[in-house]
Number of protein chains: 2
Amino acid sequence: MERKELVVVALGGNAILQPGQRGTFEEQMENVHVTCEQLAQIVESGDYKIVVTHGNGPQVGNLLLQNEAGKEVAAPMPLFVCGAESQGLIGLMIQQNLGNLLAARGKGDIPIATVVTQVVVDREDPAFANPSKPVGPFYAEDQAKALDEEKGYDVREDAGRGWRRVVPSPDPIEINEKAAIRQLVDARSIVIASGGGGIPVVRENGQLAGVDAVIDKDLAGERLAVDVGATIFMVLTDVEEVKLDYKTPNERGIQRMTVAEAKDFSAQGQFAKGSMEPKVRAAVRFIEHGGERAIITSLDRAVEALAGQAGTTITSS
Amino acid sequence: MERKELVVVALGGNAILQPGQRGTFEEQMENVHVTCEQLAQIVESGDYKIVVTHGNGPQVGNLLLQNEAGKEVAAPMPLFVCGAESQGLIGLMIQQNLGNLLAARGKGDIPIATVVTQVVVDREDPAFANPSKPVGPFYAEDQAKALDEEKGYDVREDAGRGWRRVVPSPDPIEINEKAAIRQLVDARSIVIASGGGGIPVVRENGQLAGVDAVIDKDLAGERLAVDVGATIFMVLTDVEEVKLDYKTPNERGIQRMTVAEAKDFSAQGQFAKGSMEPKVRAAVRFIEHGGERAIITSLDRAVEALAGQAGTTITSS
C-alpha cells in the first residue's frame with residue numbers, strides 16, 4: 001500500500017461564514033460546500049490523508065446571543081460549552097458536505113468523523129492574567145459592570161461600539177483526544193477535530209475542567225498537526241500568499257521562507273497581529289516541532305499549494 | 001490478549017438531567033458524573049469495551065427555546081442542527097467526566113471520543129406522514145398557526161398546555177458513521193455516539209440531507225449496537241427491571257425473557273407506549289438482528305446486570 005502524507009488543514013473563517021452574512025444554516029452550508037469541494041480534490045488526488053480543523057467565531061457568537069436572549073427560559077451555558085456545541089454544528093456541516101462530495105466521486109467508502117475535542121491549556125498561562133479576546137454580545141456600560149460583579153466577567157469598552165466580555169487566549173498545550181484521532185487517521189478516516197481552537201480545559205491533579213477562554217485556531221491546529229504526526233500543516237486564509245509590505249506599493253508575495261526568515265519578518269512587524277502573525281507563528285512552530293512543511297494559502301489554491309505550485313511554504317531551511 | 005465483549009450502553013434521560021432541574025451546566029455535570037461512575041466501573045472490570053449513547057430531549061428543548069428567544073439577533077438553526085449541537089454539549093460532559101474518573105483509577109490511557117453521528121432514515125417512513133413527537137416551546141394558537149403557514153411546521157394542541165410543533169419519529173436504518181466508530185472500538189477507544197437518537201438524515205442519490213425529526217434513542221442505540229458489532233445492548237432507565245402488571249397490586253419484575261415472551265407481553269399491552277415499550281422493542285430487535293443479550297435495567301444496577309445478577313435480560317431462547 002502506498003504511503004500517504006498526513007495533512008492537517010486549518011480552515012479560515014470565510015470557509016464557513018462570509019463577512020456580512022447573517023449566518024443562516026443554508027448560507028453556512030453553501031460556503032462549507034465550496035470549501036469541501038477543495039478538500040475533496042485533495043482527498044481524491046489519493047496522495048494525502050487529511051485532518052480538518054476550523055474556526056467557530058461567528059457560530060459561538062450566535063450561540064452566546066441566543067443564550068443571552070433566552071436566559072429567562074433556559075439556563076445559559078458557559079462559553080466553553082458553546083464551543084462544544086459549535087463543534088457539533090460545524091462538524092456536521094463539514095462531514096455531511098464532504099461525505100456527499102466524496103460519494104459523488106466514488107469515494108464514499110472513506111469514513112469521516114467529527115471528534116469533540118478538548119485542548120489542554122496551562123492555568124498559569126500569562127493570558128489568564130490578561131484576558132484580551134472579546135466574545136459575545138455588546139452591552140451598555142451598566143450592564144457590563146453588572147456582569148462583572150455578578151459573574152466575574154472581565155469586560156472592556158470595545159472601540160466605541162459598546163462593552164464586551166473579554167476572555168483569555170492561552171496557548172494550546174495538548175490535544176486531549178489525540179490518541180483517538182490518531183486511531184482514526186491510522187485506519188484511513190478523515191477527521192474533523194479541534195474546532196474553534198478546541199474546548200479549552202485545564203488539567204489539575206489529572207482532572208480536566210473546562211475554562212472560558214478562546215484558543216487561537218491556527219495555534220491549536222499546529223498542536224493538532226504535531227500531536228497526530230502530520231508532515232504537512234496547511235493554513236487556509238483569504239490571501240493566496242503571505243505578503244511583505246502588505247497593502248503598500250511595495251507589496252509582494254512570498255513563495256518560500258525558512259523559519260529564520262519568517263521570524264525575522266515577524267520581528268520586523270511585517271505580519272498583522274491577530275491576523276497573519278499568528279498564522280506565521282503557527283507555521284514556524286510546526287517546523288520547529290519537527291513538521292516537514294507548513295503552507296499558508298487561500299482555499300482555492302490549496303490543491304496547487306500542496307503540489308508546491310502556489311501559496312507560501314515554510315520549511316526549516 | 002483477552003477478548004473483551006462489546007457493550008452498547010443507552011443512557012436514560014435521568015442520566016443527564018433529573019426531572020424538575022432547570023438544566024444548568026453544573027447540575028448536568030453532577031448527574032453525568034454519577035452516571036460515569038457506573039460506566040467507569042464497567043470499564044474498570046476489564047471485561048468490556050463500551051460504546052455509549054444517550055438522549056438529548058431537555059438539551060434540545062433548551063436550544064430550541066434559545067433559538068426562539070434570540071431569533072431577531074441570530075439566525076435560528078433547524079431542529080436537526082440543534083441535535084448536532086447537543087451531541088457536542090453532552091458528548092463533552094460524558095467524555096470529560098468519564099476521562100477524569102478513569103484517570104483517577106489509573107486507566108487514563110483509554111482514549112474516549114465523541115463522534116458526531118448522523119443516522120439515516122427513510123423518506124418513505126410512514127412517520128413522515130404522521131408527525132407525532134412534540135418538540136420545542138409552547139405557543140399560543142395564533143402563533144402556532146403562523147408557524148405552520150410561514151415555516152410549514154406541523155403544530156398540535158398539547159393536552160391543554162398550549163400548542164407545540166410536532167415532528168416525525170422515523171425508524172433508524174443505518175448509523176452513517178459506523179465505520180469510524182468501529183475503527184475506534186477496534187483500537188480500544190470508548191466511543192460516545194448517536195446522541196439523541198442521532199442527527200436524522202435522508203439519503204437520496206447517495207447524498208445525505210438533514211431532516212427535522214426525532215429518532216427514538218433506544219431504537220437508534222439498537223441500530224448502533226448492530227452496526228458496530230456489539231454482543232450486548234444495555235438500556236438504562238429508571239427501573240431496575242421490566243415489570244409485568246406495572247403499577248398494579250400484581251406488579252412483578254422480569255429477570256429473563258425470550259424474544260417470543262417479550263413480544264407476547266408487548267402485544268398484551270404490558271409495556272407503556274413511549275416509555276418501556278420502545279425499550280423492549282429495541283431489545284427484541286437487537287436479538288433478532290443477531291445480538292447475544294439485551295439488558296434493561298437502572299443505572300445503579302448496570303454492573304450487576306452485566307454479570308447476570310440484576311435487571312431484565314432478553315435472549316433468543
# chains A, B, ... in the order shown; residues from 1 in each chain; ligands from 1
>>> interface_residues(of="chain A", to="chain B", cutoff="8 Å", atoms="only C-alpha atoms", output="mmCIF file with N, CA and C atoms, in the first residue's frame")
data_model
loop_
_atom_site.group_PDB
_atom_site.id
_atom_site.type_symbol
_atom_site.label_atom_id
_atom_site.label_comp_id
_atom_site.auth_asym_id
_atom_site.auth_seq_id
_atom_site.Cartn_x
_atom_site.Cartn_y
_atom_site.Cartn_z
ATOM 1 N N ARG A 22 -25.716 36.685 7.495
ATOM 2 C CA ARG A 22 -26.389 36.602 8.791
ATOM 3 C C ARG A 22 -26.053 35.289 9.502
ATOM 4 N N GLY A 23 -25.769 34.279 8.689
ATOM 5 C CA GLY A 23 -25.384 33.014 9.303
ATOM 6 C C GLY A 23 -26.516 32.012 9.375
ATOM 7 N N THR A 24 -27.437 32.072 8.411
ATOM 8 C CA THR A 24 -28.447 31.016 8.376
ATOM 9 C C THR A 24 -27.741 29.691 8.085
ATOM 10 N N PHE A 25 -28.438 28.610 8.403
ATOM 11 C CA PHE A 25 -27.868 27.295 8.132
ATOM 12 C C PHE A 25 -27.603 27.134 6.638
ATOM 13 N N ASN A 62 -23.119 33.642 17.800
ATOM 14 C CA ASN A 62 -24.571 33.465 17.721
ATOM 15 C C ASN A 62 -25.103 32.646 18.885
ATOM 16 N N LEU A 63 -24.401 31.606 19.273
ATOM 17 C CA LEU A 63 -24.843 30.812 20.422
ATOM 18 C C LEU A 63 -24.879 31.667 21.688
ATOM 19 N N LEU A 65 -25.357 34.914 21.802
ATOM 20 C CA LEU A 65 -26.523 35.805 21.672
ATOM 21 C C LEU A 65 -27.803 35.061 22.025
ATOM 22 N N GLN A 66 -27.920 33.822 21.557
ATOM 23 C CA GLN A 66 -29.117 33.020 21.844
ATOM 24 C C GLN A 66 -29.208 32.698 23.332
ATOM 25 N N ASN A 67 -28.068 32.382 23.944
ATOM 26 C CA ASN A 67 -28.049 32.108 25.379
ATOM 27 C C ASN A 67 -28.519 33.330 26.170
ATOM 28 N N GLU A 68 -28.014 34.494 25.755
ATOM 29 C CA GLU A 68 -28.363 35.743 26.434
ATOM 30 C C GLU A 68 -29.855 36.042 26.259
ATOM 31 N N ALA A 69 -30.327 35.920 25.016
ATOM 32 C CA ALA A 69 -31.729 36.246 24.730
ATOM 33 C C ALA A 69 -32.677 35.288 25.458
ATOM 34 N N GLY A 70 -32.230 34.043 25.651
ATOM 35 C CA GLY A 70 -33.111 33.040 26.237
ATOM 36 C C GLY A 70 -32.854 32.773 27.704
ATOM 37 N N LYS A 71 -32.095 33.664 28.348
ATOM 38 C CA LYS A 71 -31.620 33.319 29.697
ATOM 39 C C LYS A 71 -32.736 33.163 30.725
ATOM 40 N N VAL A 73 -35.582 31.651 30.071
ATOM 41 C CA VAL A 73 -36.320 30.411 29.802
ATOM 42 C C VAL A 73 -35.435 29.170 29.734
ATOM 43 N N ALA A 74 -34.131 29.356 29.597
ATOM 44 C CA ALA A 74 -33.222 28.196 29.537
ATOM 45 C C ALA A 74 -31.890 28.595 30.151
ATOM 46 N N ALA A 75 -31.349 27.722 30.978
ATOM 47 C CA ALA A 75 -30.096 28.028 31.667
ATOM 48 C C ALA A 75 -28.980 28.281 30.639
ATOM 49 N N PRO A 76 -28.364 29.462 30.687
ATOM 50 C CA PRO A 76 -27.281 29.737 29.732
ATOM 51 C C PRO A 76 -26.083 28.817 29.995
ATOM 52 N N MET A 77 -25.414 28.438 28.935
ATOM 53 C CA MET A 77 -24.246 27.567 29.046
ATOM 54 C C MET A 77 -22.976 28.417 29.070
ATOM 55 N N PRO A 78 -21.940 27.925 29.746
ATOM 56 C CA PRO A 78 -20.659 28.642 29.722
ATOM 57 C C PRO A 78 -20.098 28.723 28.292
ATOM 58 N N VAL A 81 -18.762 25.571 26.743
ATOM 59 C CA VAL A 81 -19.804 24.628 26.325
ATOM 60 C C VAL A 81 -20.383 25.057 24.969
ATOM 61 N N CYS A 82 -20.521 26.366 24.783
ATOM 62 C CA CYS A 82 -20.942 26.846 23.456
ATOM 63 C C CYS A 82 -19.920 26.396 22.406
ATOM 64 N N ALA A 84 -18.267 23.593 22.481
ATOM 65 C CA ALA A 84 -18.588 22.185 22.205
ATOM 66 C C ALA A 84 -19.795 22.096 21.274
ATOM 67 N N GLU A 85 -20.791 22.925 21.529
ATOM 68 C CA GLU A 85 -21.981 22.924 20.669
ATOM 69 C C GLU A 85 -21.605 23.300 19.237
ATOM 70 N N SER A 86 -20.723 24.282 19.117
ATOM 71 C CA SER A 86 -20.324 24.712 17.767
ATOM 72 C C SER A 86 -19.534 23.626 17.047
ATOM 73 N N GLN A 87 -18.793 22.811 17.792
ATOM 74 C CA GLN A 87 -18.090 21.688 17.149
ATOM 75 C C GLN A 87 -19.087 20.700 16.554
ATOM 76 N N GLY A 88 -20.199 20.491 17.252
ATOM 77 C CA GLY A 88 -21.242 19.626 16.705
ATOM 78 C C GLY A 88 -21.845 20.219 15.447
ATOM 79 N N LEU A 89 -22.209 21.486 15.525
ATOM 80 C CA LEU A 89 -22.822 22.184 14.390
ATOM 81 C C LEU A 89 -21.910 22.189 13.163
ATOM 82 N N GLY A 91 -19.026 20.588 12.668
ATOM 83 C CA GLY A 91 -18.607 19.237 12.282
ATOM 84 C C GLY A 91 -19.639 18.578 11.391
ATOM 85 N N LEU A 92 -20.904 18.694 11.777
ATOM 86 C CA LEU A 92 -21.980 18.132 10.946
ATOM 87 C C LEU A 92 -21.925 18.699 9.537
ATOM 88 N N GLN A 96 -20.992 16.196 6.494
ATOM 89 C CA GLN A 96 -22.058 15.865 5.551
ATOM 90 C C GLN A 96 -21.692 16.322 4.131
ATOM 91 N N ASN A 100 -20.853 13.833 1.062
ATOM 92 C CA ASN A 100 -21.644 13.858 -0.167
ATOM 93 C C ASN A 100 -20.752 14.031 -1.399
ATOM 94 N N ALA A 103 -18.842 10.836 -1.994
ATOM 95 C CA ALA A 103 -19.753 9.802 -2.520
ATOM 96 C C ALA A 103 -19.985 10.024 -4.010
ATOM 97 N N ALA A 104 -20.163 11.293 -4.399
ATOM 98 C CA ALA A 104 -20.406 11.603 -5.811
ATOM 99 C C ALA A 104 -19.179 11.299 -6.672
ATOM 100 N N PRO A 111 -14.368 6.749 5.577
ATOM 101 C CA PRO A 111 -15.110 7.247 6.737
ATOM 102 C C PRO A 111 -14.691 8.679 7.095
ATOM 103 N N ILE A 112 -15.641 9.432 7.590
ATOM 104 C CA ILE A 112 -15.389 10.804 8.049
ATOM 105 C C ILE A 112 -15.983 10.917 9.445
ATOM 106 N N ALA A 113 -15.215 11.458 10.368
ATOM 107 C CA ALA A 113 -15.742 11.600 11.726
ATOM 108 C C ALA A 113 -15.341 12.933 12.331
ATOM 109 N N THR A 114 -16.304 13.575 12.960
ATOM 110 C CA THR A 114 -16.017 14.748 13.781
ATOM 111 C C THR A 114 -15.823 14.290 15.216
ATOM 112 N N VAL A 115 -14.696 14.628 15.793
ATOM 113 C CA VAL A 115 -14.375 14.255 17.175
ATOM 114 C C VAL A 115 -14.448 15.505 18.055
ATOM 115 N N VAL A 116 -15.309 15.465 19.055
ATOM 116 C CA VAL A 116 -15.409 16.580 20.002
ATOM 117 C C VAL A 116 -14.075 16.668 20.753
ATOM 118 N N GLU A 177 -7.787 14.608 22.884
ATOM 119 C CA GLU A 177 -8.293 13.426 22.176
ATOM 120 C C GLU A 177 -7.330 12.944 21.090
ATOM 121 N N ALA A 179 -5.116 10.623 20.898
ATOM 122 C CA ALA A 179 -4.969 9.175 20.674
ATOM 123 C C ALA A 179 -6.108 8.658 19.801
ATOM 124 N N ALA A 180 -7.329 9.085 20.110
ATOM 125 C CA ALA A 180 -8.474 8.638 19.312
ATOM 126 C C ALA A 180 -8.369 9.168 17.878
ATOM 127 N N GLN A 183 -5.960 7.105 16.005
ATOM 128 C CA GLN A 183 -6.527 5.795 15.651
ATOM 129 C C GLN A 183 -7.348 5.913 14.370
ATOM 130 N N LEU A 184 -8.139 6.959 14.283
ATOM 131 C CA LEU A 184 -8.968 7.153 13.093
ATOM 132 C C LEU A 184 -8.105 7.409 11.859
ATOM 133 N N ALA A 187 -6.438 4.375 10.612
ATOM 134 C CA ALA A 187 -7.385 3.490 9.924
ATOM 135 C C ALA A 187 -7.942 4.154 8.661
ATOM 136 N N SER A 189 -9.445 7.119 8.153
ATOM 137 C CA SER A 189 -10.597 8.022 8.200
ATOM 138 C C SER A 189 -10.136 9.461 8.030
ATOM 139 N N GLY A 206 -4.550 15.627 37.371
ATOM 140 C CA GLY A 206 -5.029 14.629 36.412
ATOM 141 C C GLY A 206 -6.484 14.777 36.015
ATOM 142 N N GLN A 207 -7.141 15.811 36.532
ATOM 143 C CA GLN A 207 -8.569 16.009 36.249
ATOM 144 C C GLN A 207 -8.759 17.222 35.345
ATOM 145 N N LEU A 208 -9.522 17.044 34.288
ATOM 146 C CA LEU A 208 -9.791 18.144 33.367
ATOM 147 C C LEU A 208 -11.002 18.949 33.823
ATOM 148 N N ALA A 209 -10.955 20.244 33.563
ATOM 149 C CA ALA A 209 -12.116 21.109 33.796
ATOM 150 C C ALA A 209 -12.127 22.189 32.722
#
>>> residues_around(residues="Asp245 in chain A", least_positions_apart="2", cutoff="12 Å", atoms="only C-alpha atoms", output="VMD selection string")
chain A and resid 242 to 243 247 to 254 265 to 266 268 to 272
>>> residues_around(residues="range 277-293 of chain A", least_positions_apart="6", cutoff="10 Å", atoms="only C-alpha atoms", output="PyMOL selection string")
chain A and resi 7+10+216-227+229-237+242+257-263+265-267+269-271+306+312-317
>>> select_by_dssp(residues="range 73-225 of chain B", states="alpha helix (DSSP H)", output="ChimeraX atom specification")
/B:79-104,141-151,178-186,217-225
>>> residues_around(residues="Lys133 in chain B", least_positions_apart="6", cutoff="12 Å", atoms="only C-alpha atoms", output="JSON, numbers by chain")
{"B": [57, 127, 154, 155, 156, 158, 164, 165, 166, 167, 168, 169, 170, 212, 213, 214, 215, 216, 274]}
>>> closest_residue(among="A:Ala146, A:Asn130, A:Val228, A:Ser194", to="Lys49 in chain A", atoms="only C-alpha atoms")
A:Val228
>>> select_by_dssp(residues="range 113-266 of chain B", states="strand (DSSP E or B)", output="ChimeraX atom specification")
/B:113-115,118-121,133-139,154-157,163-167,174-175,190-193,199-204,207-210,232-237,242-244,252-254,256-258
>>> atom_distance(atom1="CA of Ala302 in chain A", atom2="CA of Lys4 in chain A")
16.9 Å
>>> residues_around(residues="Leu299 in chain A", least_positions_apart="3", cutoff="9 Å", atoms="only C-alpha atoms", output="PyMOL selection string")
chain A and resi 11-12+15+35+38-39+235-240+302-303
>>> residues_around(residues="range 120-126 of chain A", least_positions_apart="4", cutoff="6 Å", atoms="only C-alpha atoms", output="list in words")
Pro172, Ile173, Glu174, Pro200, Val201 and Val202 of chain A
>>> closest_residue(among="A:Ala129, A:Arg301, A:Phe138, A:Glu241", to="Glu37 in chain A", atoms="only C-alpha atoms")
A:Arg301
>>> atom_distance(atom1="CA of Asn31 in chain B", atom2="CA of Leu17 in chain B")
6.5 Å
>>> atom_distance(atom1="CA of Gly195 in chain B", atom2="CA of His54 in chain B")
5.0 Å
